[in-house]
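Below: the structure, in C-alpha cells.
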Amino acid sequence: MASASGPPSPVGTPPTRDGAAAGEVPAQSSQPHSDLLDRPAPADPPADQIPAARPGRPQDGHASLPRLPRLLRGRLPAQLWERHAAFLVVLVLAVAARAAVVWTYRPALLYYGDSPAYLDQATRRLWAGDWRPSGYPMFLRVLGAPDHLTRLVIVQHTLTLLVGVALYATARRLFERFGPAAAARGRGGWPAALVAAPALLAPWVLDLGQFVLADSLFGTLVLGGVLALAWPGRPAGWRFALAGLLLGAGVTVRTVGYGPIALGVAGTIILVIGHHRAGATSASGATGASGASGVVRAVRVVAPVAAFVLAAAAPVVAYSAWSASQGSGFTVSAHSGFFLYGRVAPFADCDRLPDDADLRSLCDPRPLAQRGSPVTYLWPDDSLLRQGNDLVPPGREALAGEFAQHVVRAQPWMMITTTARYLGGYFWPVQYETELTSRADTWELPDTTRNRLPDGQPHATDGYFAVKDLRDGPAAVLSFYSGLSYAVMPLVGLGLLAGVLAGVAGRIRGVAGPGRLFWLAAGAGMSTLLLSSLTSAFDYRYLGSVIGLLAAGAVLGAVALVRVLRARPADRFHGGIL
C-alpha cells in the first residue's frame, strides 16, 4: 500500500492534518539507509534567498511558450497545467506519434517469421510446446486479433501509453517526496517528464507496438512490474504481489523475462529489509519490544517478499503445468537447448567435442570467419540440425542441447566475450550489424512494404517485415525519425554507468545514490539484454522492448551523479531518487 502521507500539495495550500504546511519535506532520520530506499531531501531555501524573476519577462512564462504549449494551456485547468506542463506536451506528442504510426502502416506490421506462427496459434489451437511461449497468442485470442489487427495494434499502443503515464507518476511522486524542491514543484514537472519521455516517444517503442509480436506486450508487463515495486511508501503486500504477477506473466510471453524476475526478487528483499531496519532504528529509543512484537516484525518482513514470489510463480507454474500435461515437460520453453545450440554453433570448436559422431555432425567444419549467424543453424532445411528436413528429426533437438552444453563448458571465454560484444553493440552510435547479428533495419519504422533479401546474401535467412498498406509520405518521416535511435544509445549507456558511479560515490561520501527507480529500471532492462545475449543472439527487438526502462534509468543516473558530486556536507545522508 502507498505511504500514509501523500505527495506535497501545491505551494500556498492550507496546512495538512499533521501540522506541516503543504509542500514541506517530511521529517527524516539522520541514519544512513540502503541506496534503494528513498530519503527526503533538504527543505526549500528561505523565500528571501529565492532569485527574483528577470525583469521584462512574464513570471508565468506564458508569452514565451511555443505554440503547442500555449494551445494546451488555454484549454486546461491552470493548476493541472502548472504542475504537469512538460509531461502534457510529451503526452500529446506521444498520442500523435501513435496515431501517425497506426495510420501509416495498415493494418499492422508482420514479421516473417514469428507473426504468422502467433496468429496461427491464436486462430487454431493453443499449445504449450511451441517454439515461442504461448502467452502472446492467448492475448491475441482475447482481442480477436486474427480478424482485427488494427484493434490489436491500438491496444498495444494504448498499453505503452498507460505505462508511460505510470512511469511519469512514479517519478513525479518520488521527486516530490524525496527529490529537490525545485524539481518537485513548479517548472511544469519537467524532471519527471524527462524520465518518462523515452518510454512514450522512442522509435523502437512505436515500431514494436505496430508489430504482431510479443515484444511490445512483454515490455509493458516488465515496466509495469518495475513501477509497482518502485512506487514510494512502505512495503505493501498487494503492490508487491501485483509486481510479481506482471513480471511472471512476462515470462509466459518472452522467456528472457526470467532476468527481471530475478532482479525483482533481489529488489523486494532489499526494499523490505531496509524499510524495517529504518523503522527499528527510529524506534530504538522506545520501550523494549516483546517476543510477540518480534514475531509481528518478522511477519511484516516476510509477507511482502512472499507475496511477490508467490504471485510471480503463479503464471510460470500454471504455464509449466499446462506444458507438462501436453507432454512437453514442466517448463515454459521446451526448446531452450534448440536456441542455445544456435547461439554457440557460430564459434564451436569441433576439436574440443567428445569423440561422438552424432554430436560432431552438428559442428560446422568451416573456419569461424565463414560461419553464419545463429538463425542459419536453426531454421533452414539444409542446416546441420535439420539435415534437409522441414522439421527437426527426432532426437536431433535433444542432441543439439547436449552439444550446446559441451561447447559452453569447453569454451566459456568465448561465451563471455561474444556476450560482451552483443551487449556493447546495443549502445553503439550506429547500426550494429555483423554476420552474427540480426538485421537492424527490420526494427526501424519502414518506408517500404517489405525488406526481404534475395537468396545468397548473408542475412537472407533472417526474418523480414511486411505491411499490406503503407502511406509513403508519413512513412518517410517516421523512417527518418527511427534512424535517429542509434545516435543516443551511447548517452543511455553513459547515463547507466553514471548511476552506478553515483551509487559508489554516494556510499563513499555518505550521500544517497540514485535510488530505487534507477536500480530497478536499469537492472530489469540490462538483465533482459544480458539473458538474451547469453542464450539467444543479438537482436534490436530485445532492446526495443526495454528501451523505456534503460533510458529512464540513464536520465536518473546522470542527474544522480551530478547531485552526489555537488552535495555539500549538510546534505549528507539526505537525498532521494536522485
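Ligands are numbered from 1 in the order shown, chains are lettered A, B, ... in the order of the C-alpha cells, and residues start at 1 in each chain.
Excluding A:Ala466 and any residue on its chain fewer than 4 positions from it, the residues at most 9 Å away by only C-alpha atoms are A:Ala108, A:Leu109, A:Leu110, A:Tyr111, A:Tyr112, A:Thr448, A:Thr449, A:Arg450, A:Asn451, A:Arg452.
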Would you save the residues of that selection, restricted to N, CA, C and O atoms, as a PDB file, in the first residue's frame?
ATOM      1  N   ALA A 108      -1.264  -3.679 -39.861  1.00  0.00           N
ATOM      2  CA  ALA A 108      -0.222  -3.899 -38.864  1.00  0.00           C
ATOM      3  C   ALA A 108       1.036  -4.325 -39.597  1.00  0.00           C
ATOM      4  O   ALA A 108       1.013  -4.711 -40.772  1.00  0.00           O
ATOM      5  N   LEU A 109       2.161  -4.242 -38.893  1.00  0.00           N
ATOM      6  CA  LEU A 109       3.410  -4.783 -39.407  1.00  0.00           C
ATOM      7  C   LEU A 109       3.503  -6.264 -39.024  1.00  0.00           C
ATOM      8  O   LEU A 109       3.237  -6.623 -37.882  1.00  0.00           O
ATOM      9  N   LEU A 110       3.871  -7.095 -39.978  1.00  0.00           N
ATOM     10  CA  LEU A 110       4.031  -8.529 -39.731  1.00  0.00           C
ATOM     11  C   LEU A 110       5.495  -8.901 -39.871  1.00  0.00           C
ATOM     12  O   LEU A 110       6.196  -8.396 -40.764  1.00  0.00           O
ATOM     13  N   TYR A 111       5.935  -9.780 -39.011  1.00  0.00           N
ATOM     14  CA  TYR A 111       7.315 -10.263 -39.061  1.00  0.00           C
ATOM     15  C   TYR A 111       7.297 -11.732 -39.450  1.00  0.00           C
ATOM     16  O   TYR A 111       6.735 -12.571 -38.752  1.00  0.00           O
ATOM     17  N   TYR A 112       7.944 -12.038 -40.576  1.00  0.00           N
ATOM     18  CA  TYR A 112       8.046 -13.425 -41.063  1.00  0.00           C
ATOM     19  C   TYR A 112       9.456 -13.920 -40.755  1.00  0.00           C
ATOM     20  O   TYR A 112      10.426 -13.436 -41.335  1.00  0.00           O
ATOM     21  N   THR A 448       9.160   1.200 -46.766  1.00  0.00           N
ATOM     22  CA  THR A 448       8.860   0.262 -47.842  1.00  0.00           C
ATOM     23  C   THR A 448       7.967  -0.837 -47.287  1.00  0.00           C
ATOM     24  O   THR A 448       7.883  -1.028 -46.069  1.00  0.00           O
ATOM     25  N   THR A 449       7.313  -1.556 -48.183  1.00  0.00           N
ATOM     26  CA  THR A 449       6.334  -2.545 -47.731  1.00  0.00           C
ATOM     27  C   THR A 449       6.958  -3.857 -47.256  1.00  0.00           C
ATOM     28  O   THR A 449       6.295  -4.632 -46.590  1.00  0.00           O
ATOM     29  N   ARG A 450       8.234  -4.118 -47.578  1.00  0.00           N
ATOM     30  CA  ARG A 450       8.899  -5.317 -47.066  1.00  0.00           C
ATOM     31  C   ARG A 450      10.405  -5.150 -47.233  1.00  0.00           C
ATOM     32  O   ARG A 450      10.864  -4.346 -48.042  1.00  0.00           O
ATOM     33  N   ASN A 451      11.159  -5.938 -46.463  1.00  0.00           N
ATOM     34  CA  ASN A 451      12.626  -5.866 -46.564  1.00  0.00           C
ATOM     35  C   ASN A 451      13.242  -7.247 -46.733  1.00  0.00           C
ATOM     36  O   ASN A 451      14.332  -7.509 -46.225  1.00  0.00           O
ATOM     37  N   ARG A 452      12.578  -8.106 -47.439  1.00  0.00           N
ATOM     38  CA  ARG A 452      13.112  -9.451 -47.671  1.00  0.00           C
ATOM     39  C   ARG A 452      14.318  -9.378 -48.601  1.00  0.00           C
ATOM     40  O   ARG A 452      14.307  -8.661 -49.613  1.00  0.00           O
TER      41      ARG A 452
END
Could you give me, as a VMD selection string, the residues within 12 Å of A:Phe139, counting only C-alpha atoms and dropping anything in the same chain fewer than 2 positions from it? chain A and resid 118 to 119 121 to 123 126 133 to 137 141 to 146 152 to 153 155 to 156 212 to 214 216 to 218 249 to 250 252 to 253
Residues from last step as file, N, CA and C atoms, as a CSV table (one decimal), in the first residue's frame:
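Produced file again30.csv, reproduced below:
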chain,number,residue,atom,x,y,z
A,118,TYR,N,2.3,-16.9,-34.4
A,118,TYR,CA,1.5,-16.4,-33.3
A,118,TYR,C,0.0,-16.4,-33.8
A,119,LEU,N,-0.3,-15.9,-35.0
A,119,LEU,CA,-1.6,-15.8,-35.4
A,119,LEU,C,-2.2,-17.2,-35.7
A,121,GLN,N,-1.5,-19.9,-34.0
A,121,GLN,CA,-1.9,-20.4,-32.6
A,121,GLN,C,-3.2,-19.8,-32.1
A,122,ALA,N,-3.3,-18.5,-32.3
A,122,ALA,CA,-4.4,-17.8,-31.8
A,122,ALA,C,-5.7,-18.2,-32.5
A,123,THR,N,-5.5,-18.5,-33.8
A,123,THR,CA,-6.7,-18.9,-34.6
A,123,THR,C,-7.1,-20.3,-34.5
A,126,LEU,N,-4.2,-23.4,-29.3
A,126,LEU,CA,-3.1,-23.0,-28.4
A,126,LEU,C,-2.4,-24.3,-27.9
A,133,PRO,N,6.9,-19.1,-26.3
A,133,PRO,CA,5.8,-19.2,-25.3
A,133,PRO,C,4.5,-18.7,-25.8
A,134,SER,N,3.4,-19.3,-25.4
A,134,SER,CA,2.1,-19.1,-25.9
A,134,SER,C,1.3,-18.0,-25.2
A,135,GLY,N,1.9,-17.2,-24.3
A,135,GLY,CA,1.2,-16.2,-23.6
A,135,GLY,C,0.7,-15.1,-24.6
A,136,TYR,N,1.5,-14.8,-25.6
A,136,TYR,CA,1.1,-13.8,-26.6
A,136,TYR,C,-0.1,-14.3,-27.5
A,137,PRO,N,0.0,-15.5,-28.0
A,137,PRO,CA,-1.2,-16.0,-28.7
A,137,PRO,C,-2.5,-15.9,-27.9
A,141,ARG,N,-5.9,-14.0,-28.9
A,141,ARG,CA,-7.2,-14.6,-29.0
A,141,ARG,C,-8.2,-13.8,-28.2
A,142,VAL,N,-7.8,-13.3,-27.1
A,142,VAL,CA,-8.7,-12.5,-26.3
A,142,VAL,C,-9.2,-11.2,-27.0
A,143,LEU,N,-8.3,-10.7,-27.8
A,143,LEU,CA,-8.6,-9.5,-28.6
A,143,LEU,C,-9.2,-9.8,-29.9
A,144,GLY,N,-9.3,-11.1,-30.3
A,144,GLY,CA,-9.9,-11.4,-31.6
A,144,GLY,C,-8.9,-10.9,-32.7
A,145,ALA,N,-7.6,-10.9,-32.4
A,145,ALA,CA,-6.6,-10.3,-33.3
A,145,ALA,C,-6.5,-10.8,-34.7
A,146,PRO,N,-6.7,-12.1,-34.9
A,146,PRO,CA,-6.5,-12.6,-36.3
A,146,PRO,C,-7.5,-11.9,-37.3
A,152,LEU,N,-5.8,-4.8,-32.5
A,152,LEU,CA,-4.6,-5.2,-31.7
A,152,LEU,C,-3.6,-4.2,-31.5
A,153,VAL,N,-3.2,-3.5,-32.6
A,153,VAL,CA,-2.1,-2.5,-32.5
A,153,VAL,C,-2.5,-1.3,-31.7
A,155,VAL,N,-4.6,-1.4,-29.2
A,155,VAL,CA,-4.5,-1.8,-27.8
A,155,VAL,C,-3.0,-1.8,-27.3
A,156,GLN,N,-2.1,-2.3,-28.2
A,156,GLN,CA,-0.7,-2.4,-27.8
A,156,GLN,C,-0.1,-0.9,-27.6
A,212,VAL,N,2.8,-7.4,-35.0
A,212,VAL,CA,2.1,-8.5,-34.4
A,212,VAL,C,3.2,-9.4,-33.8
A,213,LEU,N,3.7,-9.0,-32.7
A,213,LEU,CA,4.8,-9.6,-32.0
A,213,LEU,C,4.7,-9.5,-30.5
A,214,ALA,N,5.3,-10.4,-29.7
A,214,ALA,CA,5.1,-10.4,-28.3
A,214,ALA,C,5.9,-9.3,-27.6
A,216,SER,N,6.2,-5.9,-27.6
A,216,SER,CA,5.5,-4.7,-27.0
A,216,SER,C,4.8,-5.1,-25.7
A,217,LEU,N,4.1,-6.2,-25.7
A,217,LEU,CA,3.4,-6.7,-24.5
A,217,LEU,C,4.4,-7.0,-23.4
A,218,PHE,N,5.4,-7.7,-23.8
A,218,PHE,CA,6.5,-8.0,-22.8
A,218,PHE,C,7.0,-6.8,-22.2
A,249,ALA,N,3.9,-13.0,-15.6
A,249,ALA,CA,3.2,-13.1,-16.8
A,249,ALA,C,4.1,-12.7,-18.0
A,250,GLY,N,5.1,-11.9,-17.8
A,250,GLY,CA,6.1,-11.5,-18.8
A,250,GLY,C,6.9,-12.8,-19.3
A,252,THR,N,5.8,-15.8,-19.5
A,252,THR,CA,4.9,-16.6,-20.4
A,252,THR,C,4.8,-15.9,-21.8
A,253,VAL,N,5.3,-14.7,-21.9
A,253,VAL,CA,5.3,-14.0,-23.2
A,253,VAL,C,6.7,-14.1,-23.9
Quick one: distance from atom CA of A:Ala313 to atom CA of A:Gly267 in Å, one decimal?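 Computed distance, atom CA of A:Ala313 to atom CA of A:Gly267, equals 16.3 Å.
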Atom pair atom CA of A:Ile154 + atom CA of A:Leu478, distance 17.5 Å
**Prompt:** Residues of stretch 261-380 of chain A in alpha helix (DSSP H) according to DSSP, as an MDAnalysis selection string?
**Reply:** chainID A and resid 261:282 291:325 336:344 357:360
(message) What parts of stretch 379-566 of chain A does DSSP call strand (DSSP E or B)? I'd like the answer as a PyMOL selection string.
(response) chain A and resi 450+464-466+469-470
Can I get the selection written as a compact mmCIF listing (two decimals), in the first residue's frame, with all heavy atoms?
# COMPACT_ATOMS: atom_id res chain seq x y z
N ARG A 450 8.23 -4.12 -47.58
CA ARG A 450 8.90 -5.32 -47.07
C ARG A 450 10.41 -5.15 -47.23
O ARG A 450 10.86 -4.35 -48.04
CB ARG A 450 8.43 -6.59 -47.76
CG ARG A 450 8.78 -6.70 -49.23
CD ARG A 450 8.42 -8.09 -49.77
NE ARG A 450 7.04 -8.42 -49.50
CZ ARG A 450 6.59 -9.67 -49.42
NH1 ARG A 450 7.42 -10.68 -49.59
NH2 ARG A 450 5.32 -9.92 -49.17
N TYR A 464 11.91 -11.15 -41.91
CA TYR A 464 11.72 -9.85 -42.56
C TYR A 464 10.32 -9.35 -42.25
O TYR A 464 9.42 -10.11 -41.86
CB TYR A 464 11.93 -9.96 -44.07
CG TYR A 464 10.96 -10.89 -44.76
CD1 TYR A 464 9.79 -10.42 -45.34
CD2 TYR A 464 11.22 -12.26 -44.83
CE1 TYR A 464 8.90 -11.27 -45.97
CE2 TYR A 464 10.34 -13.13 -45.46
CZ TYR A 464 9.18 -12.63 -46.02
OH TYR A 464 8.30 -13.48 -46.64
N PHE A 465 10.12 -8.04 -42.41
CA PHE A 465 8.80 -7.47 -42.14
C PHE A 465 8.03 -7.30 -43.45
O PHE A 465 8.63 -7.28 -44.55
CB PHE A 465 8.91 -6.12 -41.43
CG PHE A 465 9.45 -5.00 -42.29
CD1 PHE A 465 8.65 -4.37 -43.23
CD2 PHE A 465 10.75 -4.56 -42.14
CE1 PHE A 465 9.13 -3.35 -44.03
CE2 PHE A 465 11.25 -3.54 -42.93
CZ PHE A 465 10.44 -2.93 -43.88
N ALA A 466 6.74 -7.16 -43.32
CA ALA A 466 5.87 -6.85 -44.47
C ALA A 466 4.65 -6.12 -43.95
O ALA A 466 4.20 -6.35 -42.82
CB ALA A 466 5.46 -8.12 -45.21
N ASP A 469 -0.53 -2.16 -46.43
CA ASP A 469 -0.84 -0.81 -46.92
C ASP A 469 0.08 0.18 -46.23
O ASP A 469 0.09 0.27 -44.99
CB ASP A 469 -2.30 -0.48 -46.64
CG ASP A 469 -2.71 0.87 -47.21
OD1 ASP A 469 -1.94 1.43 -48.01
OD2 ASP A 469 -3.78 1.37 -46.82
N LEU A 470 0.86 0.92 -47.00
CA LEU A 470 1.80 1.89 -46.45
C LEU A 470 1.60 3.24 -47.12
O LEU A 470 1.46 3.32 -48.35
CB LEU A 470 3.24 1.40 -46.67
CG LEU A 470 4.37 2.29 -46.19
CD1 LEU A 470 5.49 1.46 -45.58
CD2 LEU A 470 4.95 3.10 -47.37
Which residues are near A:Gly129? Cut-off 12 Å, only C-alpha atoms, ignore same chain within fewer than 6 positions. Put them as a PyMOL selection string.
chain A and resi 121+135+252+319-336
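The residue set within 9 Å of stretch 337-342 of chain A, counting only C-alpha atoms and dropping same-chain residues fewer than 6 places from it, reads Ser373, Pro374, Val375, Thr376, Tyr377, Leu378, Glu397, Ala398, Leu399, Ala400, Gly401, Glu402, Phe403, Ala404, Gln405, Val407, Leu534, Thr535, Ser536 and Ala537 of chain A.
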The distance between atom CA of A:Leu517 and atom CA of A:Gly503 is 12.7 Å
Handout entry: Test item: residues at most 6 Å from stretch 196-203 of chain A, only C-alpha atoms, excluding those fewer than 5 positions along its chain, as a ChimeraX atom specification
Key = /A:94,164,167-168,482,548
Using only C-alpha atoms, the best pick from A:Leu80, A:Ala512, A:Val305, A:Ala551 as closest to A:Ile270 would be A:Val305
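Minimum distance to A:Val559 across A:Arg409, A:Phe427, A:Thr419, A:Leu194 (counting only C-alpha atoms) occurs at A:Leu194.
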